[in-house]
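Shown next: data-v4.csv, given as CSV, N, CA, C and O atoms.
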```csv
chain,number,residue,atom,x,y,z
A,1,MET,N,0.8,-1.2,0.0
A,1,MET,CA,0.0,0.0,0.0
A,1,MET,C,0.9,1.2,0.0
A,1,MET,O,1.3,1.7,1.0
A,2,PRO,N,1.2,1.7,-1.2
A,2,PRO,CA,2.1,2.9,-1.3
A,2,PRO,C,1.5,4.2,-0.7
A,2,PRO,O,0.4,4.6,-1.0
A,3,THR,N,2.3,4.8,0.2
A,3,THR,CA,1.9,6.1,0.8
A,3,THR,C,2.4,7.2,-0.1
A,3,THR,O,3.6,7.2,-0.5
A,4,VAL,N,1.6,8.1,-0.5
A,4,VAL,CA,2.0,9.2,-1.3
A,4,VAL,C,2.5,10.3,-0.5
A,4,VAL,O,3.6,10.9,-0.7
A,5,PHE,N,1.8,10.7,0.6
A,5,PHE,CA,2.3,11.6,1.6
A,5,PHE,C,1.5,11.5,2.9
A,5,PHE,O,0.4,10.9,2.9
A,6,VAL,N,2.0,12.1,4.0
A,6,VAL,CA,1.2,12.2,5.2
A,6,VAL,C,1.1,13.6,5.6
A,6,VAL,O,2.1,14.4,5.5
A,7,LEU,N,-0.1,14.1,5.9
A,7,LEU,CA,-0.3,15.5,6.2
A,7,LEU,C,-1.5,15.6,7.2
A,7,LEU,O,-2.5,14.9,7.0
A,8,PHE,N,-1.4,16.4,8.2
A,8,PHE,CA,-2.4,16.6,9.2
A,8,PHE,C,-2.8,15.3,9.9
A,8,PHE,O,-4.0,15.1,10.3
A,9,GLY,N,-1.9,14.4,10.0
A,9,GLY,CA,-2.1,13.1,10.6
A,9,GLY,C,-2.8,12.1,9.7
A,9,GLY,O,-3.1,11.0,10.1
A,10,PHE,N,-3.1,12.5,8.4
A,10,PHE,CA,-3.8,11.6,7.5
A,10,PHE,C,-2.7,11.0,6.6
A,10,PHE,O,-1.8,11.7,6.1
A,11,ARG,N,-2.9,9.7,6.3
A,11,ARG,CA,-2.0,9.0,5.3
A,11,ARG,C,-2.8,9.0,4.0
A,11,ARG,O,-3.9,8.5,3.9
A,12,PHE,N,-2.2,9.6,3.0
A,12,PHE,CA,-2.8,9.6,1.7
A,12,PHE,C,-2.1,8.5,0.9
A,12,PHE,O,-0.9,8.5,0.7
A,13,MET,N,-2.9,7.5,0.5
A,13,MET,CA,-2.3,6.3,-0.1
A,13,MET,C,-3.2,5.7,-1.1
A,13,MET,O,-4.4,6.0,-1.3
A,14,PHE,N,-2.5,4.7,-1.8
A,14,PHE,CA,-3.2,3.8,-2.8
A,14,PHE,C,-3.2,2.4,-2.2
A,14,PHE,O,-2.4,2.1,-1.4
A,15,TYR,N,-4.2,1.6,-2.6
A,15,TYR,CA,-4.1,0.2,-2.3
A,15,TYR,C,-3.4,-0.5,-3.5
A,15,TYR,O,-3.6,0.0,-4.6
A,16,SER,N,-2.6,-1.5,-3.3
A,16,SER,CA,-1.9,-2.1,-4.3
A,16,SER,C,-2.7,-2.7,-5.4
A,16,SER,O,-2.3,-2.9,-6.6
A,17,ASN,N,-4.0,-3.0,-5.1
A,17,ASN,CA,-4.9,-3.6,-6.1
A,17,ASN,C,-5.9,-2.5,-6.6
A,17,ASN,O,-7.0,-2.9,-7.1
A,18,ASP,N,-5.7,-1.2,-6.4
A,18,ASP,CA,-6.6,-0.2,-6.9
A,18,ASP,C,-6.8,-0.2,-8.4
A,18,ASP,O,-6.0,-0.8,-9.1
A,19,HIS,N,-7.8,0.5,-8.8
A,19,HIS,CA,-8.2,0.5,-10.2
A,19,HIS,C,-8.6,1.9,-10.6
A,19,HIS,O,-8.7,2.8,-9.8
A,20,LEU,N,-8.7,2.1,-11.9
A,20,LEU,CA,-9.1,3.4,-12.5
A,20,LEU,C,-10.6,3.6,-12.1
A,20,LEU,O,-11.3,2.7,-11.9
A,21,PRO,N,-11.0,4.9,-12.0
A,21,PRO,CA,-10.2,6.1,-12.3
A,21,PRO,C,-9.2,6.4,-11.2
A,21,PRO,O,-9.4,5.8,-10.1
A,22,ILE,N,-8.3,7.2,-11.5
A,22,ILE,CA,-7.3,7.6,-10.5
A,22,ILE,C,-8.0,8.2,-9.3
A,22,ILE,O,-8.8,9.1,-9.4
A,23,HIS,N,-7.6,7.6,-8.1
A,23,HIS,CA,-8.2,8.1,-6.9
A,23,HIS,C,-7.2,7.9,-5.8
A,23,HIS,O,-6.2,7.2,-5.9
A,24,ILE,N,-7.5,8.5,-4.6
A,24,ILE,CA,-6.6,8.4,-3.4
A,24,ILE,C,-7.4,8.2,-2.2
A,24,ILE,O,-8.6,8.7,-2.1
A,25,HIS,N,-6.9,7.4,-1.2
A,25,HIS,CA,-7.5,7.2,0.1
A,25,HIS,C,-6.8,8.0,1.1
A,25,HIS,O,-5.5,8.1,1.1
A,26,ALA,N,-7.5,8.7,2.0
A,26,ALA,CA,-7.0,9.4,3.1
A,26,ALA,C,-7.4,8.7,4.4
A,26,ALA,O,-8.6,8.5,4.6
A,27,VAL,N,-6.5,8.2,5.2
A,27,VAL,CA,-6.8,7.4,6.3
A,27,VAL,C,-6.1,7.9,7.6
A,27,VAL,O,-5.0,8.3,7.6
A,28,LYS,N,-6.9,8.0,8.7
A,28,LYS,CA,-6.4,8.4,10.0
A,28,LYS,C,-7.2,7.5,11.0
A,28,LYS,O,-8.4,7.8,11.2
A,29,GLY,N,-6.5,6.6,11.6
A,29,GLY,CA,-7.2,5.7,12.5
A,29,GLY,C,-8.3,4.9,11.8
A,29,GLY,O,-8.1,4.3,10.8
A,30,GLU,N,-9.5,5.0,12.4
A,30,GLU,CA,-10.6,4.3,11.8
A,30,GLU,C,-11.4,5.1,10.7
A,30,GLU,O,-12.2,4.6,10.1
A,31,ALA,N,-11.0,6.4,10.7
A,31,ALA,CA,-11.6,7.3,9.7
A,31,ALA,C,-10.9,7.2,8.4
A,31,ALA,O,-9.7,7.1,8.3
A,32,CYS,N,-11.7,7.3,7.3
A,32,CYS,CA,-11.1,7.3,6.0
A,32,CYS,C,-12.1,8.0,4.9
A,32,CYS,O,-13.3,8.1,5.2
A,33,ALA,N,-11.4,8.4,3.8
A,33,ALA,CA,-12.2,9.0,2.7
A,33,ALA,C,-11.5,8.6,1.4
A,33,ALA,O,-10.3,8.3,1.4
A,34,LYS,N,-12.3,8.5,0.4
A,34,LYS,CA,-11.8,8.2,-0.9
A,34,LYS,C,-12.1,9.3,-1.9
A,34,LYS,O,-13.3,9.7,-1.9
A,35,PHE,N,-11.1,9.9,-2.6
A,35,PHE,CA,-11.4,11.0,-3.5
A,35,PHE,C,-10.9,10.6,-4.9
A,35,PHE,O,-9.8,10.1,-5.1
A,36,ARG,N,-11.8,10.7,-5.9
A,36,ARG,CA,-11.5,10.6,-7.3
A,36,ARG,C,-10.6,11.8,-7.6
A,36,ARG,O,-10.9,12.9,-7.1
A,37,VAL,N,-9.6,11.6,-8.4
A,37,VAL,CA,-8.7,12.8,-8.8
A,37,VAL,C,-9.0,13.2,-10.2
A,37,VAL,O,-8.9,14.4,-10.5
A,38,VAL,N,-9.3,12.3,-11.1
A,38,VAL,CA,-9.4,12.6,-12.5
A,38,VAL,C,-10.8,12.2,-12.9
A,38,VAL,O,-11.3,11.1,-12.6
A,39,PRO,N,-11.5,13.0,-13.7
A,39,PRO,CA,-11.1,14.3,-14.3
A,39,PRO,C,-11.1,15.5,-13.4
A,39,PRO,O,-10.4,16.4,-13.5
A,40,ASP,N,-11.9,15.4,-12.3
A,40,ASP,CA,-12.0,16.4,-11.3
A,40,ASP,C,-11.9,15.8,-9.9
A,40,ASP,O,-12.4,14.7,-9.7
A,41,VAL,N,-11.4,16.5,-8.9
A,41,VAL,CA,-11.4,16.0,-7.6
A,41,VAL,C,-12.8,15.9,-7.0
A,41,VAL,O,-13.6,16.9,-7.1
A,42,CYS,N,-13.2,14.8,-6.5
A,42,CYS,CA,-14.6,14.5,-6.0
A,42,CYS,C,-14.5,13.5,-4.9
A,42,CYS,O,-13.9,12.4,-5.1
A,43,LEU,N,-15.2,13.8,-3.8
A,43,LEU,CA,-15.4,12.8,-2.7
A,43,LEU,C,-16.2,11.7,-3.2
A,43,LEU,O,-17.3,11.9,-3.7
A,44,GLU,N,-15.7,10.4,-3.1
A,44,GLU,CA,-16.5,9.3,-3.5
A,44,GLU,C,-17.1,8.6,-2.3
A,44,GLU,O,-18.2,8.0,-2.4
A,45,GLU,N,-16.4,8.5,-1.2
A,45,GLU,CA,-17.0,7.9,0.1
A,45,GLU,C,-16.2,8.4,1.3
A,45,GLU,O,-15.0,8.8,1.1
A,46,SER,N,-16.8,8.3,2.4
A,46,SER,CA,-16.1,8.6,3.7
A,46,SER,C,-16.8,7.9,4.8
A,46,SER,O,-18.0,7.6,4.8
A,47,ILE,N,-15.9,7.7,5.8
A,47,ILE,CA,-16.4,7.0,7.1
A,47,ILE,C,-15.7,7.7,8.2
A,47,ILE,O,-14.5,7.9,8.3
A,48,GLY,N,-16.6,8.2,9.2
A,48,GLY,CA,-16.1,8.8,10.4
A,48,GLY,C,-15.4,10.1,10.3
A,48,GLY,O,-14.7,10.5,11.3
A,49,LEU,N,-15.7,10.9,9.3
A,49,LEU,CA,-15.1,12.2,9.2
A,49,LEU,C,-16.1,13.3,9.2
A,49,LEU,O,-17.2,13.2,8.7
A,50,LYS,N,-15.8,14.4,9.8
A,50,LYS,CA,-16.6,15.6,9.9
A,50,LYS,C,-16.6,16.4,8.6
A,50,LYS,O,-15.6,16.3,7.9
A,51,PRO,N,-17.6,17.2,8.3
A,51,PRO,CA,-17.6,18.0,7.1
A,51,PRO,C,-16.3,18.9,7.0
A,51,PRO,O,-15.8,19.0,5.9
A,52,ALA,N,-15.9,19.5,8.1
A,52,ALA,CA,-14.7,20.4,8.0
A,52,ALA,C,-13.4,19.6,7.7
A,52,ALA,O,-12.6,20.0,6.9
A,53,GLU,N,-13.3,18.3,8.2
A,53,GLU,CA,-12.2,17.5,7.8
A,53,GLU,C,-12.3,17.1,6.3
A,53,GLU,O,-11.2,17.1,5.7
A,54,LEU,N,-13.5,16.8,5.9
A,54,LEU,CA,-13.6,16.4,4.4
A,54,LEU,C,-13.2,17.6,3.5
A,54,LEU,O,-12.6,17.4,2.5
A,55,LYS,N,-13.6,18.8,3.9
A,55,LYS,CA,-13.2,20.0,3.1
A,55,LYS,C,-11.7,20.2,3.1
A,55,LYS,O,-11.1,20.4,2.1
A,56,LEU,N,-11.1,20.0,4.3
A,56,LEU,CA,-9.6,20.1,4.4
A,56,LEU,C,-9.0,19.0,3.5
A,56,LEU,O,-8.1,19.3,2.7
A,57,LEU,N,-9.5,17.8,3.5
A,57,LEU,CA,-8.9,16.7,2.7
A,57,LEU,C,-9.1,17.0,1.2
A,57,LEU,O,-8.2,16.8,0.4
A,58,GLU,N,-10.3,17.5,0.9
A,58,GLU,CA,-10.5,17.8,-0.5
A,58,GLU,C,-9.6,18.9,-1.0
A,58,GLU,O,-9.0,18.7,-2.2
A,59,THR,N,-9.3,19.9,-0.2
A,59,THR,CA,-8.4,20.9,-0.6
A,59,THR,C,-7.0,20.4,-0.8
A,59,THR,O,-6.3,20.7,-1.7
A,60,VAL,N,-6.5,19.5,0.1
A,60,VAL,CA,-5.2,18.9,0.0
A,60,VAL,C,-5.1,18.1,-1.2
A,60,VAL,O,-4.1,18.1,-2.0
A,61,VAL,N,-6.1,17.3,-1.6
A,61,VAL,CA,-6.1,16.5,-2.8
A,61,VAL,C,-6.1,17.4,-4.0
A,61,VAL,O,-5.3,17.1,-5.0
A,62,GLU,N,-6.9,18.5,-4.0
A,62,GLU,CA,-6.9,19.4,-5.2
A,62,GLU,C,-5.5,20.0,-5.4
A,62,GLU,O,-5.0,20.1,-6.5
A,63,GLU,N,-4.9,20.4,-4.2
A,63,GLU,CA,-3.6,21.1,-4.3
A,63,GLU,C,-2.4,20.2,-4.7
A,63,GLU,O,-1.4,20.6,-5.1
A,64,ASN,N,-2.6,18.9,-4.5
A,64,ASN,CA,-1.6,17.9,-4.8
A,64,ASN,C,-2.0,16.9,-5.9
A,64,ASN,O,-1.3,15.9,-6.0
A,65,SER,N,-2.9,17.3,-6.7
A,65,SER,CA,-3.4,16.3,-7.7
A,65,SER,C,-2.4,15.9,-8.7
A,65,SER,O,-2.3,14.8,-9.1
A,66,GLU,N,-1.5,16.8,-9.1
A,66,GLU,CA,-0.4,16.5,-10.0
A,66,GLU,C,0.5,15.4,-9.4
A,66,GLU,O,0.9,14.5,-10.1
A,67,VAL,N,0.9,15.6,-8.2
A,67,VAL,CA,1.7,14.6,-7.5
A,67,VAL,C,1.0,13.3,-7.4
A,67,VAL,O,1.7,12.2,-7.6
A,68,ILE,N,-0.2,13.3,-7.0
A,68,ILE,CA,-1.0,12.1,-6.9
A,68,ILE,C,-1.0,11.3,-8.2
A,68,ILE,O,-0.8,10.1,-8.3
A,69,ILE,N,-1.3,12.0,-9.3
A,69,ILE,CA,-1.4,11.4,-10.6
A,69,ILE,C,0.0,10.9,-11.0
A,69,ILE,O,0.1,9.8,-11.5
A,70,GLU,N,1.0,11.6,-10.8
A,70,GLU,CA,2.4,11.2,-11.1
A,70,GLU,C,2.7,9.9,-10.3
A,70,GLU,O,3.2,8.9,-10.9
A,71,ARG,N,2.4,9.9,-9.0
A,71,ARG,CA,2.7,8.7,-8.2
A,71,ARG,C,1.9,7.5,-8.6
A,71,ARG,O,2.3,6.4,-8.6
A,72,TRP,N,0.6,7.7,-9.0
A,72,TRP,CA,-0.3,6.7,-9.5
A,72,TRP,C,0.3,6.0,-10.7
A,72,TRP,O,0.5,4.8,-10.8
A,73,ASN,N,0.7,6.9,-11.7
A,73,ASN,CA,1.3,6.4,-12.9
A,73,ASN,C,2.6,5.6,-12.7
A,73,ASN,O,2.8,4.6,-13.3
A,74,ALA,N,3.4,6.1,-11.8
A,74,ALA,CA,4.7,5.5,-11.5
A,74,ALA,C,4.4,4.1,-10.9
A,74,ALA,O,5.1,3.1,-11.2
A,75,PHE,N,3.4,4.0,-10.0
A,75,PHE,CA,3.2,2.7,-9.3
A,75,PHE,C,2.5,1.7,-10.2
A,75,PHE,O,2.9,0.6,-10.3
A,76,PHE,N,1.4,2.2,-10.8
A,76,PHE,CA,0.5,1.2,-11.5
A,76,PHE,C,0.9,1.0,-13.0
A,76,PHE,O,0.6,0.0,-13.5
A,77,ASN,N,1.7,1.9,-13.5
A,77,ASN,CA,2.1,1.8,-14.9
A,77,ASN,C,3.6,1.6,-15.1
A,77,ASN,O,4.1,1.6,-16.2
A,78,GLY,N,4.3,1.5,-14.0
A,78,GLY,CA,5.7,1.2,-14.0
A,78,GLY,C,6.5,2.4,-14.6
A,78,GLY,O,7.6,2.1,-15.2
A,79,GLU,N,6.0,3.6,-14.5
A,79,GLU,CA,6.7,4.7,-15.1
A,79,GLU,C,7.7,5.4,-14.1
A,79,GLU,O,8.3,6.5,-14.4
A,80,GLY,N,7.9,4.8,-13.0
A,80,GLY,CA,8.8,5.5,-12.1
A,80,GLY,C,10.0,4.6,-11.6
A,80,GLY,O,10.2,3.5,-11.9
```

Represent the structure contained in this file as structure tokens.
Amino acid sequence: MPTVFVLFGFRFMFYSNDHLPIHIHAVKGEACAKFRVVPDVCLEESIGLKPAELKLLETVVEENSEVIIERWNAFFNGEG
């Protein structure tokens, strides 16, 4: 399970068997959220997170979408 980065106590990561569309998981303890990254950042599901936390996570994903896409391609397409 490759970690892309850790921020605000959340681990932003992929699962090794993830699939398209490009997305990222944000995990902190039992709480988690999944954001689609392409074509636009969009919350797909969440468990145990408050609206303010989800907004923060969405902003982090938007601001780091290029890095997330680059790391996804490197991991899943062997480009890295």

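One finds atom N of A:Glu70 at 26.4 Å from atom C of A:Leu49.
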
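Using all atoms listed in the file for every distance, the candidate list A:Val37, A:Leu7, A:Ala52, A:Cys42 yields A:Val37 as the residue closest to A:His23.
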
## Note on the structure
What separates atom CA of A:Glu58 and atom O of A:Val41 is a distance of 7.3 Å

### Message
Here's a test: counting only N, CA, C and O atoms, identify every protein, DNA and RNA residue with an atom at most 7 Å from (-6.0, 13.7, -11.4) in the file's coordinate frame, and state them as a ChimeraX atom specification.
### Response
/A:22,36-41,65-66,68-69

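Distance-wise, atom CA of A:Ala31 and atom CA of A:Gly48 end up 4.8 Å apart.
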
### Task
Could you give me the residues within chain A that DSSP places in alpha helix (DSSP H), as a ChimeraX atom specification?
/A:51-63,65-76

### Message
I'd like to know which residues of chain A are strand (DSSP E) (by DSSP, run on the backbone); could you write them as a PyMOL selection string?
### Response
chain A and resi 3-7+10-13+23-28+31-36+42-47

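The closest residue to A:Thr3, picked from A:Ala33, A:Glu45, A:Trp72, A:Leu57 and counting only C-alpha atoms, is A:Trp72.
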
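Proximity to A:Phe10 was assessed for A:Phe35, A:Gly29, A:Phe76, A:Glu44 counting only N, CA, C and O atoms; the smallest distance is recorded for A:Gly29.
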
Go ahead and fit an axis-aligned box to every listed atom of stretch 57-66 of chain A plus 4 Å each side, and pass me the centre and edge lengths in Å, one decimal, as JSON.
```
{"center_x": -4.8, "center_y": 17.8, "center_z": -3.3, "size_x": 19.4, "size_y": 14.6, "size_z": 21.6}
```

### Test item: residues at most 5 Å from A:Glu30, all atoms listed in the file, excluding those fewer than 2 positions along its chain, as a PyMOL selection string
chain A and resi 28+32+47
